[in-house]
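J.: Here it is, the structure in full.
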Amino acid sequence: MADEKKKGGKLKFIIIAVVVVIAIGAIAGGQGKKSSDSGSASSEPAATTQAQTEKKEKYSISDESVTSDNYSYKISGILTNNTDAQVGYIQISYVLYDKDGNQLGTAFANTNNLKAGGTWKYEATGLGVEPSQVDHYELGEVTGF
C-alpha cells in the first residue's frame with residue numbers, strides 16, 4: 001500500500017510538472033514578435049485576446065473631404081462603428097484653425113442609432129466661421145454612447 005501511495009504521489013508530481021512546463025511555454029510563446037511587428041503574415045490562427053479587443057478603435061474615419069460656401073465650412077467623411085453594439089448617439093467634432101494656428105471654431109455632426117459595424121456618411125458643419133479664413137482642421141473627438 002505504501003508503494004501505491006508513492007506511485008500515486010509521483011504521478012501527481014509528473015502531471016503538475018507537465019502542466020507547469022506547458023504553461024511556461026505558452027507564456028513565453030506569447031512574448032514573441034507579433035505579425036504586425038515583423039511585417040509578415042503569421043501562419044498561426046488569429047486569436048483575439050481581451051487586450052487586443054480593447055486596443056481596437058471603436059470608430060474609424062475615412063474619405064474626408066472639405067467644401068465651403070459663403071456661410072459655412074464643411075468636412076465630410078465616412079465613420080464606421082467598429083463595435084459589436086449599436087450606438088444610440090454619436091457625434092464627431094473638428095477644430096478649425098487659421099494659417100497662424102489660431103482656433104477659429106469647431107465643426108460638428110451627429111446622428112442616432114448607428115448599427116454595429118454600420119457606416120455613417122457625415123457632414124460636420126462649422127457655422128459662425130468665415131470659411132475663407134480656415135487654413136486647416138484637426139479631428140477633435142468622436143463621442144458615442
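Ligands are numbered from 1 in the order shown, residues from 1 within each chain, and chains are lettered A, B, ... in the order they appear in the C-alpha cells.
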Which neighbours of region 95-103 of chain A fall inside 7 Å, counting only C-alpha atoms, when residues of the same chain fewer than 3 positions from it are skipped, and could you give them as a list in words?

T.: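 Near neighbours after the sequence-gap exclusion: Thr106, Ala107, Gln133, Val134, Asp135, His136, Tyr137, Glu138, Leu139 and Gly140 of chain A.
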
J.: Give the answer as one residue: which of A:Glu57, A:Glu130, A:Glu141, A:Glu64 has the shortest atom-to-atom distance to Ile78 (chain A), using only C-alpha atoms?

T.: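 Distance minimum relative to Ile78 (chain A) lands on A:Glu64.
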
J.: Have a look at CA of Ala116 (chain A) and CA of Thr83 (chain A) and let me know their distance in Å, one decimal.

T.: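 Rounded to one decimal, the two atoms are 5.6 Å apart.
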
J.: Of the candidates A:Ile61, A:Val66, A:Val87, A:Ile75, which shows the shortest atom-to-atom distance to Thr125 (chain A), using only C-alpha atoms?

T.: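 Between A:Ile61, A:Val66, A:Val87, A:Ile75, the residue approaching Thr125 (chain A) most closely is A:Ile75.
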
J.: One decimal, Å: what's the distance from CA of Ser93 (chain A) over to CA of Gly105 (chain A), could you say?

T.: 10.3 Å

J.: To one decimal in Å, tell me the separation between CA of Gly117 (chain A) and CA of Asp84 (chain A).

T.: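 So the two atoms, CA of Gly117 (chain A) and CA of Asp84 (chain A), lie 6.7 Å apart.
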
J.: Which residues are close to Thr143 (chain A), i.e. within 8 Å by only C-alpha atoms, leaving aside same-chain residues fewer than 4 positions away? Reply as a list in words.

T.: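 Once the adjacent positions are removed, what remains is Ile90, Gln91 and Ile92 of chain A.
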
J.: Give me, as a ChimeraX atom specification, all polymer residues having an atom no more than 9 Å from Leu114 (chain A), counting only C-alpha atoms and skipping those fewer than 2 positions away in the same chain.

T.: /A:80-81,85-90,111-112,116-120

J.: Just to be explicit: take each residue in the selection above, keep all heavy atoms, and write the result as an mmCIF file, in the first residue's frame.

T.:
```cif
data_model
loop_
_atom_site.group_PDB
_atom_site.id
_atom_site.type_symbol
_atom_site.label_atom_id
_atom_site.label_comp_id
_atom_site.auth_asym_id
_atom_site.auth_seq_id
_atom_site.Cartn_x
_atom_site.Cartn_y
_atom_site.Cartn_z
ATOM 1 N N THR A 80 -17.128 54.641 -39.374
ATOM 2 C CA THR A 80 -17.522 53.243 -39.214
ATOM 3 C C THR A 80 -17.555 52.889 -37.733
ATOM 4 O O THR A 80 -16.622 53.192 -36.997
ATOM 5 C CB THR A 80 -16.538 52.300 -39.935
ATOM 6 O OG1 THR A 80 -16.487 52.670 -41.314
ATOM 7 C CG2 THR A 80 -16.966 50.845 -39.805
ATOM 8 N N ASN A 81 -18.646 52.266 -37.301
ATOM 9 C CA ASN A 81 -18.782 51.756 -35.940
ATOM 10 C C ASN A 81 -18.134 50.373 -35.922
ATOM 11 O O ASN A 81 -18.693 49.417 -36.435
ATOM 12 C CB ASN A 81 -20.265 51.676 -35.554
ATOM 13 C CG ASN A 81 -20.492 51.070 -34.192
ATOM 14 O OD1 ASN A 81 -19.559 50.744 -33.476
ATOM 15 N ND2 ASN A 81 -21.746 50.900 -33.839
ATOM 16 N N ALA A 85 -21.889 46.574 -31.027
ATOM 17 C CA ALA A 85 -23.123 47.089 -30.440
ATOM 18 C C ALA A 85 -23.595 48.335 -31.178
ATOM 19 O O ALA A 85 -22.793 49.114 -31.690
ATOM 20 C CB ALA A 85 -22.896 47.443 -28.969
ATOM 21 N N GLN A 86 -24.893 48.500 -31.217
ATOM 22 C CA GLN A 86 -25.470 49.713 -31.785
ATOM 23 C C GLN A 86 -25.118 50.896 -30.892
ATOM 24 O O GLN A 86 -25.071 50.774 -29.669
ATOM 25 C CB GLN A 86 -26.982 49.589 -31.899
ATOM 26 C CG GLN A 86 -27.649 50.843 -32.444
ATOM 27 C CD GLN A 86 -29.122 50.640 -32.710
ATOM 28 O OE1 GLN A 86 -29.492 49.690 -33.377
ATOM 29 N NE2 GLN A 86 -29.956 51.514 -32.184
ATOM 30 N N VAL A 87 -24.857 52.048 -31.497
ATOM 31 C CA VAL A 87 -24.574 53.269 -30.749
ATOM 32 C C VAL A 87 -25.811 54.150 -30.854
ATOM 33 O O VAL A 87 -26.228 54.514 -31.950
ATOM 34 C CB VAL A 87 -23.338 54.002 -31.314
ATOM 35 C CG1 VAL A 87 -23.048 55.265 -30.519
ATOM 36 C CG2 VAL A 87 -22.129 53.085 -31.321
ATOM 37 N N GLY A 88 -26.416 54.471 -29.704
ATOM 38 C CA GLY A 88 -27.650 55.257 -29.690
ATOM 39 C C GLY A 88 -27.451 56.677 -30.164
ATOM 40 O O GLY A 88 -28.310 57.261 -30.814
ATOM 41 N N TYR A 89 -26.310 57.279 -29.831
ATOM 42 C CA TYR A 89 -25.993 58.643 -30.239
ATOM 43 C C TYR A 89 -24.501 58.719 -30.505
ATOM 44 O O TYR A 89 -23.696 58.172 -29.742
ATOM 45 C CB TYR A 89 -26.351 59.648 -29.129
ATOM 46 C CG TYR A 89 -25.936 61.068 -29.449
ATOM 47 C CD1 TYR A 89 -26.741 61.888 -30.225
ATOM 48 C CD2 TYR A 89 -24.734 61.576 -28.982
ATOM 49 C CE1 TYR A 89 -26.353 63.187 -30.528
ATOM 50 C CE2 TYR A 89 -24.340 62.874 -29.276
ATOM 51 C CZ TYR A 89 -25.153 63.675 -30.053
ATOM 52 O OH TYR A 89 -24.777 64.961 -30.358
ATOM 53 N N ILE A 90 -24.125 59.371 -31.595
ATOM 54 C CA ILE A 90 -22.717 59.552 -31.911
ATOM 55 C C ILE A 90 -22.504 60.952 -32.473
ATOM 56 O O ILE A 90 -23.348 61.465 -33.219
ATOM 57 C CB ILE A 90 -22.205 58.450 -32.865
ATOM 58 C CG1 ILE A 90 -20.690 58.486 -32.976
ATOM 59 C CG2 ILE A 90 -22.873 58.533 -34.205
ATOM 60 C CD1 ILE A 90 -20.107 57.194 -33.518
ATOM 61 N N THR A 111 -25.508 61.876 -35.175
ATOM 62 C CA THR A 111 -26.583 61.010 -35.653
ATOM 63 C C THR A 111 -26.992 60.074 -34.522
ATOM 64 O O THR A 111 -26.332 59.994 -33.490
ATOM 65 C CB THR A 111 -26.167 60.208 -36.907
ATOM 66 O OG1 THR A 111 -27.323 59.623 -37.506
ATOM 67 C CG2 THR A 111 -25.171 59.108 -36.581
ATOM 68 N N ASN A 112 -28.074 59.352 -34.742
ATOM 69 C CA ASN A 112 -28.598 58.392 -33.768
ATOM 70 C C ASN A 112 -28.650 56.998 -34.375
ATOM 71 O O ASN A 112 -28.789 56.835 -35.590
ATOM 72 C CB ASN A 112 -30.014 58.792 -33.335
ATOM 73 C CG ASN A 112 -30.033 60.108 -32.614
ATOM 74 O OD1 ASN A 112 -29.188 60.383 -31.779
ATOM 75 N ND2 ASN A 112 -31.001 60.947 -32.948
ATOM 76 N N ALA A 116 -24.212 48.222 -35.180
ATOM 77 C CA ALA A 116 -22.915 47.568 -35.008
ATOM 78 C C ALA A 116 -22.332 47.293 -36.387
ATOM 79 O O ALA A 116 -23.012 46.752 -37.252
ATOM 80 C CB ALA A 116 -23.080 46.261 -34.242
ATOM 81 N N GLY A 117 -21.108 47.722 -36.621
ATOM 82 C CA GLY A 117 -20.472 47.530 -37.910
ATOM 83 C C GLY A 117 -20.984 48.472 -38.989
ATOM 84 O O GLY A 117 -20.541 48.404 -40.132
ATOM 85 N N GLY A 118 -21.900 49.363 -38.645
ATOM 86 C CA GLY A 118 -22.511 50.258 -39.621
ATOM 87 C C GLY A 118 -21.625 51.435 -39.979
ATOM 88 O O GLY A 118 -20.673 51.775 -39.289
ATOM 89 N N THR A 119 -21.954 52.070 -41.098
ATOM 90 C CA THR A 119 -21.238 53.263 -41.538
ATOM 91 C C THR A 119 -22.191 54.444 -41.593
ATOM 92 O O THR A 119 -23.395 54.282 -41.801
ATOM 93 C CB THR A 119 -20.606 53.059 -42.929
ATOM 94 O OG1 THR A 119 -21.622 52.719 -43.871
ATOM 95 C CG2 THR A 119 -19.545 51.979 -42.893
ATOM 96 N N TRP A 120 -21.623 55.618 -41.413
ATOM 97 C CA TRP A 120 -22.396 56.862 -41.414
ATOM 98 C C TRP A 120 -21.667 57.869 -42.287
ATOM 99 O O TRP A 120 -20.515 58.198 -42.046
ATOM 100 C CB TRP A 120 -22.519 57.372 -39.981
ATOM 101 C CG TRP A 120 -22.984 58.778 -39.793
ATOM 102 C CD1 TRP A 120 -23.960 59.431 -40.483
ATOM 103 C CD2 TRP A 120 -22.495 59.706 -38.832
ATOM 104 N NE1 TRP A 120 -24.102 60.710 -40.009
ATOM 105 C CE2 TRP A 120 -23.220 60.898 -38.983
ATOM 106 C CE3 TRP A 120 -21.525 59.644 -37.841
ATOM 107 C CZ2 TRP A 120 -22.997 62.020 -38.203
ATOM 108 C CZ3 TRP A 120 -21.304 60.753 -37.052
ATOM 109 C CH2 TRP A 120 -22.037 61.929 -37.234
#
```

J.: I want to know what sits within 6 Å of Ser76 (chain A), based on only C-alpha atoms, with residues of the same chain fewer than 3 positions away left out; could you give that as a ChimeraX atom specification?

T.: /A:64-65,122-123

J.: Restricting the calculation to only C-alpha atoms, which member of A:Leu104, A:Lys121, A:Lys115, A:Gly126 is positioned closest to Asp63 (chain A)?

T.: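 The answer is A:Lys121, which sits nearest to Asp63 (chain A).
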
J.: Between A:Pro131, A:Lys58, A:Tyr71, A:Ala109, single out the one closest to Tyr94 (chain A), counting only C-alpha atoms.

T.: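 Closest residue, counting only C-alpha atoms: A:Ala109.
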